[in-house]
>>> print(open('structure.cif').read())   # mmCIF, C-alpha atoms and all ligand atoms
data_run
#
loop_
_atom_site.group_PDB
_atom_site.id
_atom_site.type_symbol
_atom_site.label_atom_id
_atom_site.label_comp_id
_atom_site.auth_asym_id
_atom_site.auth_seq_id
_atom_site.Cartn_x
_atom_site.Cartn_y
_atom_site.Cartn_z
ATOM 1 C CA THR A 1 32.738 -62.020 44.108
ATOM 2 C CA PRO A 2 32.034 -60.280 40.728
ATOM 3 C CA GLN A 3 34.158 -61.364 37.881
ATOM 4 C CA THR A 4 36.428 -58.672 36.452
ATOM 5 C CA LEU A 5 37.177 -58.618 32.759
ATOM 6 C CA PRO A 6 40.739 -59.157 31.759
ATOM 7 C CA GLN A 7 42.705 -55.995 30.966
ATOM 8 C CA ALA A 8 42.782 -56.844 27.227
ATOM 9 C CA LEU A 9 38.962 -57.017 27.008
ATOM 10 C CA THR A 10 38.440 -53.757 28.966
ATOM 11 C CA SER A 11 40.628 -51.897 26.500
ATOM 12 C CA LEU A 12 38.723 -53.389 23.549
ATOM 13 C CA PHE A 13 35.266 -52.482 24.906
ATOM 14 C CA PRO A 14 35.555 -49.348 27.034
ATOM 15 C CA PRO A 15 32.531 -48.336 29.145
ATOM 16 C CA PRO A 16 30.274 -45.661 27.569
ATOM 17 C CA GLY A 17 31.659 -42.144 27.734
ATOM 18 C CA HIS A 18 35.249 -43.263 27.848
ATOM 19 C CA CYS A 19 37.633 -43.180 24.948
ATOM 20 C CA HIS A 20 39.877 -45.939 23.907
ATOM 21 C CA PRO A 21 43.453 -44.944 24.675
ATOM 22 C CA ARG A 22 44.410 -45.143 21.008
ATOM 23 C CA GLY A 23 41.135 -43.650 19.646
ATOM 24 C CA ALA A 24 40.247 -46.924 17.975
ATOM 25 C CA CYS A 25 36.768 -47.015 19.546
ATOM 26 C CA THR A 26 34.337 -46.133 16.746
ATOM 27 C CA GLY A 27 31.474 -45.166 19.126
ATOM 28 C CA CYS A 28 33.657 -42.529 20.747
ATOM 29 C CA THR A 29 34.819 -41.117 17.384
ATOM 30 C CA GLN A 30 31.202 -40.777 16.148
ATOM 31 C CA ARG A 31 30.184 -38.994 19.342
ATOM 32 C CA HIS A 32 32.960 -36.456 18.894
ATOM 33 C CA LEU A 33 31.978 -36.001 15.248
ATOM 34 C CA CYS A 34 28.375 -35.421 16.283
ATOM 35 C CA ILE A 35 29.321 -32.822 18.934
ATOM 36 C CA SER A 36 31.546 -31.028 16.397
ATOM 37 C CA ALA A 37 28.731 -30.951 13.829
ATOM 38 C CA VAL A 38 26.277 -29.480 16.374
ATOM 39 C CA ALA A 39 28.834 -26.867 17.418
ATOM 40 C CA LEU A 40 29.422 -25.973 13.769
ATOM 41 C CA LEU A 41 25.677 -25.656 13.131
ATOM 42 C CA VAL A 42 25.247 -23.368 16.156
ATOM 43 C CA LEU A 43 28.173 -21.235 14.959
ATOM 44 C CA VAL A 44 26.761 -20.958 11.407
ATOM 45 C CA ALA A 45 23.305 -20.065 12.762
ATOM 46 C CA ALA A 46 24.780 -17.372 15.030
ATOM 47 C CA LEU A 47 26.800 -15.961 12.120
ATOM 48 C CA ALA A 48 23.737 -15.889 9.837
ATOM 49 C CA LEU A 49 21.692 -14.113 12.510
ATOM 50 C CA GLY A 50 24.472 -11.572 13.016
ATOM 51 C CA VAL A 51 24.699 -10.853 9.291
ATOM 52 C CA ALA A 52 20.896 -10.528 9.003
ATOM 53 C CA LEU A 53 20.724 -8.118 11.951
ATOM 54 C CA ALA A 54 23.609 -6.055 10.570
ATOM 55 C CA LEU A 55 22.011 -5.788 7.116
ATOM 56 C CA LEU A 56 18.438 -5.111 8.208
ATOM 57 C CA PRO A 57 18.631 -1.459 9.334
ATOM 58 C CA ARG A 58 20.857 -0.508 6.378
ATOM 59 C CA ALA A 59 18.364 -1.563 3.703
ATOM 60 C CA PRO A 60 16.033 1.451 3.388
ATOM 61 C CA GLY A 61 13.116 -0.396 1.846
ATOM 62 C CA LEU A 62 13.305 -3.580 3.819
ATOM 63 C CA ASN A 63 10.921 -4.207 6.676
ATOM 64 C CA ARG A 64 10.240 -0.528 7.313
ATOM 65 C CA PHE A 65 6.595 -0.430 6.378
ATOM 66 C CA CYS A 66 4.469 0.780 9.276
ATOM 67 C CA THR A 67 1.182 2.512 9.984
ATOM 68 C CA ALA A 68 1.525 6.054 11.352
ATOM 69 C CA PRO A 69 -1.224 7.818 13.368
ATOM 70 C CA ASN A 70 -4.525 8.384 11.477
ATOM 71 C CA ASN A 71 -3.856 5.167 9.548
ATOM 72 C CA ARG A 72 -1.243 6.826 7.332
ATOM 73 C CA THR A 73 1.349 4.754 5.484
ATOM 74 C CA GLY A 74 4.655 5.233 7.266
ATOM 75 C CA PHE A 75 8.389 4.599 7.440
ATOM 76 C CA LEU A 76 9.803 2.794 10.473
ATOM 77 C CA CYS A 77 12.878 4.370 12.110
ATOM 78 C CA ASP A 78 15.899 2.385 13.320
ATOM 79 C CA ASP A 79 14.459 2.352 16.846
ATOM 80 C CA ARG A 80 11.738 0.055 15.408
ATOM 81 C CA VAL A 81 9.132 2.107 17.305
ATOM 82 C CA THR A 82 8.868 5.542 15.643
ATOM 83 C CA CYS A 83 6.646 5.442 12.553
ATOM 84 C CA VAL A 84 7.138 8.539 10.385
ATOM 85 C CA PRO A 85 4.310 9.340 7.896
ATOM 86 C CA ALA A 86 5.424 8.677 4.299
ATOM 87 C CA SER A 87 5.377 12.370 3.308
ATOM 88 C CA TRP A 88 7.841 13.206 6.087
ATOM 89 C CA VAL A 89 10.480 11.051 4.385
ATOM 90 C CA CYS A 90 13.018 13.140 2.407
ATOM 91 C CA ASP A 91 11.398 16.457 3.428
ATOM 92 C CA ARG A 92 14.783 17.734 4.691
ATOM 93 C CA VAL A 93 13.665 17.492 8.304
ATOM 94 C CA SER A 94 15.072 14.649 10.409
ATOM 95 C CA ASN A 95 12.137 12.894 12.014
ATOM 96 C CA CYS A 96 13.922 9.686 12.971
ATOM 97 C CA ARG A 97 16.357 9.967 15.844
ATOM 98 C CA ASN A 98 19.379 9.255 13.623
ATOM 99 C CA GLY A 99 17.945 10.970 10.547
ATOM 100 C CA GLU A 100 17.468 7.723 8.657
ATOM 101 C CA ASP A 101 14.343 9.223 7.016
ATOM 102 C CA GLU A 102 16.659 11.687 5.251
ATOM 103 C CA GLN A 103 19.562 9.413 4.281
ATOM 104 C CA GLU A 104 21.118 9.805 0.830
ATOM 105 C CA GLN A 105 20.405 6.172 -0.044
ATOM 106 C CA LEU A 106 16.678 6.911 0.357
ATOM 107 C CA CYS A 107 16.467 10.469 -0.991
ATOM 108 C CA GLY A 108 19.222 10.558 -3.627
ATOM 109 C CA ASP A 109 16.955 9.991 -6.644
ATOM 110 C CA LEU A 110 13.293 10.664 -5.845
ATOM 111 C CA PRO A 111 10.995 8.862 -6.238
ATOM 112 C CA HIS A 112 13.061 5.908 -7.553
ATOM 113 C CA SER A 113 15.255 5.727 -4.459
ATOM 114 C CA LEU A 114 12.155 5.374 -2.260
ATOM 115 C CA PRO A 115 10.634 1.970 -1.523
ATOM 116 C CA GLU A 116 7.465 1.458 -3.577
ATOM 117 C CA TYR A 117 5.142 1.401 -0.563
ATOM 118 C CA LEU A 118 5.969 5.083 0.140
ATOM 119 C CA VAL A 119 5.035 6.223 -3.373
ATOM 120 C CA PHE A 120 1.716 6.719 -5.171
ATOM 121 C CA HIS A 121 1.929 7.156 -8.942
ATOM 122 C CA CYS A 122 -0.589 9.668 -10.315
ATOM 123 C CA SER A 123 -2.400 9.022 -13.593
ATOM 124 C CA ASN A 124 0.083 11.406 -15.194
ATOM 125 C CA PRO A 125 3.190 9.189 -15.427
ATOM 126 C CA ARG A 126 5.437 12.130 -14.572
ATOM 127 C CA SER A 127 3.643 12.881 -11.311
ATOM 128 C CA TRP A 128 3.857 11.072 -8.013
ATOM 129 C CA VAL A 129 2.880 11.803 -4.434
ATOM 130 C CA TYR A 130 3.628 10.099 -1.141
ATOM 131 C CA ALA A 131 1.488 7.098 -0.273
ATOM 132 C CA ASP A 132 -0.122 8.909 2.687
ATOM 133 C CA GLN A 133 -1.367 11.618 0.295
ATOM 134 C CA ARG A 134 -3.608 9.105 -1.422
ATOM 135 C CA CYS A 135 -7.170 9.408 -0.102
ATOM 136 C CA ASN A 136 -6.325 12.255 2.294
ATOM 137 C CA ARG A 137 -9.088 14.263 0.501
ATOM 138 C CA MET A 138 -6.623 16.818 -0.849
ATOM 139 C CA ASN A 139 -5.800 17.123 -4.556
ATOM 140 C CA ASP A 140 -2.075 16.332 -4.351
ATOM 141 C CA CYS A 141 -1.666 14.895 -7.863
ATOM 142 C CA GLY A 142 -3.274 18.010 -9.352
ATOM 143 C CA ASP A 143 -5.656 15.913 -11.448
ATOM 144 C CA CYS A 144 -7.372 14.276 -8.450
ATOM 145 C CA SER A 145 -6.070 10.829 -9.466
ATOM 146 C CA ASP A 146 -4.893 10.385 -5.851
ATOM 147 C CA GLU A 147 -8.478 10.906 -4.639
ATOM 148 C CA THR A 148 -10.900 9.671 -7.282
ATOM 149 C CA GLY A 149 -10.906 6.822 -9.766
ATOM 150 C CA SER A 150 -9.682 3.258 -9.764
ATOM 151 C CA LEU A 151 -5.989 4.107 -9.177
ATOM 152 C CA ALA A 152 -6.665 5.658 -5.793
ATOM 153 C CA ALA A 153 -9.648 3.432 -4.894
ATOM 154 C CA CYS A 154 -10.569 5.623 -1.915
ATOM 155 C CA PRO A 155 -13.363 4.827 0.538
ATOM 156 C CA PRO A 156 -16.468 7.096 0.638
ATOM 157 C CA CYS A 157 -16.106 10.586 2.151
ATOM 158 C CA GLY A 158 -17.076 9.635 5.721
ATOM 159 C CA TRP A 159 -18.863 11.731 8.357
ATOM 160 C CA GLU A 160 -16.181 14.458 8.625
ATOM 161 C CA TRP A 161 -16.564 15.224 4.926
ATOM 162 C CA TRP A 162 -19.329 16.279 2.525
ATOM 163 C CA SER A 163 -19.547 14.585 -0.836
ATOM 164 C CA CYS A 164 -19.897 16.931 -3.844
ATOM 165 C CA SER A 165 -18.058 18.311 -6.853
ATOM 166 C CA PRO A 166 -15.966 21.122 -5.325
ATOM 167 C CA VAL A 167 -15.433 24.503 -6.913
ATOM 168 C CA HIS A 168 -11.944 24.706 -5.409
ATOM 169 C CA TYR A 169 -8.888 23.011 -6.885
ATOM 170 C CA ASP A 170 -7.660 21.789 -3.461
ATOM 171 C CA PHE A 171 -10.497 19.256 -3.090
ATOM 172 C CA CYS A 172 -11.686 16.446 -5.346
ATOM 173 C CA SER A 173 -14.918 14.760 -4.293
ATOM 174 C CA CYS A 174 -15.174 15.552 -0.574
ATOM 175 C CA ILE A 175 -15.008 18.879 1.221
ATOM 176 C CA PRO A 176 -14.493 19.258 4.981
ATOM 177 C CA ARG A 177 -17.885 19.354 6.681
ATOM 178 C CA ARG A 178 -16.788 22.431 8.654
ATOM 179 C CA LEU A 179 -17.058 24.382 5.376
ATOM 180 C CA CYS A 180 -20.791 23.658 5.182
ATOM 181 C CA ARG A 181 -23.135 26.621 5.755
ATOM 182 C CA ASP A 182 -20.313 29.095 6.190
ATOM 183 C CA GLY A 183 -21.822 31.444 3.602
ATOM 184 C CA ILE A 184 -19.202 30.571 0.944
ATOM 185 C CA GLN A 185 -19.842 28.271 -2.017
ATOM 186 C CA HIS A 186 -17.590 25.180 -1.994
ATOM 187 C CA CYS A 187 -19.684 22.766 -4.105
ATOM 188 C CA LEU A 188 -20.678 23.348 -7.725
ATOM 189 C CA GLY A 189 -24.351 22.702 -6.920
ATOM 190 C CA TRP A 190 -24.293 24.753 -3.686
ATOM 191 C CA SER A 191 -25.166 21.613 -1.703
ATOM 192 C CA ASP A 192 -22.642 22.677 0.974
ATOM 193 C CA GLU A 193 -24.770 25.721 1.722
ATOM 194 C CA PHE A 194 -28.270 24.306 1.268
ATOM 195 C CA ILE A 195 -28.214 20.575 2.069
ATOM 196 C CA CYS A 196 -25.147 19.799 4.179
ATOM 197 C CA THR A 197 -25.235 20.385 7.929
ATOM 198 C CA PRO A 198 -21.945 21.053 9.673
HETATM 199 CA CA CA P 201 11.728 13.920 7.404
HETATM 200 CA CA CA P 202 -4.474 13.605 -1.803
#
>>> encode(input="structure.cif", output="structure tokens")
Amino acid sequence: TPQTLPQALTSLFPPPGHCHPRGACTGCTQRHLCISAVALLVLVAALALGVALALLPRAPGLNRFCTAPNNRTGFLCDDRVTCVPASWVCDRVSNCRNGEDEQEQLCGDLPHSLPEYLVFHCSNPRSWVYADQRCNRMNDCGDCSDETGSLAACPPCGWEWWSCSPVHYDFCSCIPRRLCRDGIQHCLGWSDEFICTP
């Protein structure tokens, strides 16, 4: 027959998972401490996540960079899906479902209230345009600094455009190819009428 420990010994060395009646068992106390610490860690992590999620949509400049159709720099709406082109932000038309592209926090003091990625600073320090107006082939700065030069650093005209020095103020170094051979001069050297093919 198996020997049974005397009652005094059983209470001194309780089997694993069982507490000493008076809590004197150190193994049991450590286990409880460990469980409490894990629970506390989980609680802190959950709280931190909650705070981060609550703050994220409220910060206008944070994590809202996106690429709108035609590779335009954009502003991400609260739905985290809709990407509004930069120049639609603060244009007094709500393009995000909840109008977050028109919120006071974002539009109160243009362009300073806008996140930097939505703004392009022209060579004239007093002028700025929206980031998606850089390299869109239109003279938005007025001095073409959004289209030509090292500030803008635009790629070459591309097949939809004809490279020349335009006679019109609207363009800078590329004119739409559809304007070629339309009987109207658009390039200083007339290349749009004599060289370019639409
Ligand atoms: Ca808008
Ligand atoms: Ca432009």
>>> residues_around(input="structure.cif", residues="Arg137 in chain A", least_positions_apart="5", cutoff="12 Å", atoms="only C-alpha atoms", output="ChimeraX atom specification")
/A:132,144-148,152,154-158,160-164,166,169-177
>>> residues_near_ligand(input="structure.cif", ligand="ligand CA 201 (chain P)", cutoff="12 Å", atoms="only C-alpha atoms and all ligand atoms", output="JSON, numbers by chain")
{"A": [74, 75, 76, 77, 83, 84, 85, 86, 87, 88, 89, 90, 91, 92, 93, 94, 95, 96, 97, 98, 99, 100, 101, 102, 103, 106, 107]}
>>> write_last_selection(input="structure.cif", atoms="C-alpha atoms", output="compact mmCIF listing (two decimals), keeping the file's coordinate frame")
# COMPACT_ATOMS: atom_id res chain seq x y z
CA GLY A 74 4.66 5.23 7.27
CA PHE A 75 8.39 4.60 7.44
CA LEU A 76 9.80 2.79 10.47
CA CYS A 77 12.88 4.37 12.11
CA CYS A 83 6.65 5.44 12.55
CA VAL A 84 7.14 8.54 10.38
CA PRO A 85 4.31 9.34 7.90
CA ALA A 86 5.42 8.68 4.30
CA SER A 87 5.38 12.37 3.31
CA TRP A 88 7.84 13.21 6.09
CA VAL A 89 10.48 11.05 4.38
CA CYS A 90 13.02 13.14 2.41
CA ASP A 91 11.40 16.46 3.43
CA ARG A 92 14.78 17.73 4.69
CA VAL A 93 13.66 17.49 8.30
CA SER A 94 15.07 14.65 10.41
CA ASN A 95 12.14 12.89 12.01
CA CYS A 96 13.92 9.69 12.97
CA ARG A 97 16.36 9.97 15.84
CA ASN A 98 19.38 9.26 13.62
CA GLY A 99 17.94 10.97 10.55
CA GLU A 100 17.47 7.72 8.66
CA ASP A 101 14.34 9.22 7.02
CA GLU A 102 16.66 11.69 5.25
CA GLN A 103 19.56 9.41 4.28
CA LEU A 106 16.68 6.91 0.36
CA CYS A 107 16.47 10.47 -0.99
>>> residues_near_ligand(input="structure.cif", ligand="ligand CA 202 (chain P)", cutoff="6 Å", atoms="only C-alpha atoms and all ligand atoms", output="MDAnalysis selection string")
chainID A and resid 133:140 146:147
>>> closest_residue(input="structure.cif", among="A:Pro115, A:Pro125, A:Pro198, A:Gly189", to="Thr73 in chain A", atoms="all atoms listed in the file")
A:Pro115
>>> closest_residue(input="structure.cif", among="A:Thr82, A:Ser127, A:Gln30, A:Ser113", to="Thr67 in chain A", atoms="only C-alpha atoms")
A:Thr82
>>> atom_distance(input="structure.cif", atom1="CA of Thr197 in chain A", atom2="CA of Cys180 in chain A")
6.2 Å
>>> residues_around(input="structure.cif", residues="Arg181 in chain A", least_positions_apart="3", cutoff="12 Å", atoms="only C-alpha atoms", output="list in words")
Trp162, Pro176, Arg177, Arg178, Ile184, Gln185, His186, Cys187, Trp190, Ser191, Asp192, Glu193, Phe194, Ile195, Cys196, Thr197 and Pro198 of chain A
>>> atom_distance(input="structure.cif", atom1="CA of Asn63 in chain A", atom2="CA of Leu151 in chain A")
24.6 Å
>>> residues_around(input="structure.cif", residues="Arg126 in chain A", least_positions_apart="5", cutoff="12 Å", atoms="only C-alpha atoms", output="CSV table (one decimal) with C-alpha atoms, in the coordinates of the input")
chain,number,residue,atom,x,y,z
A,110,LEU,CA,13.3,10.7,-5.8
A,111,PRO,CA,11.0,8.9,-6.2
A,120,PHE,CA,1.7,6.7,-5.2
A,121,HIS,CA,1.9,7.2,-8.9
A,141,CYS,CA,-1.7,14.9,-7.9
A,142,GLY,CA,-3.3,18.0,-9.4
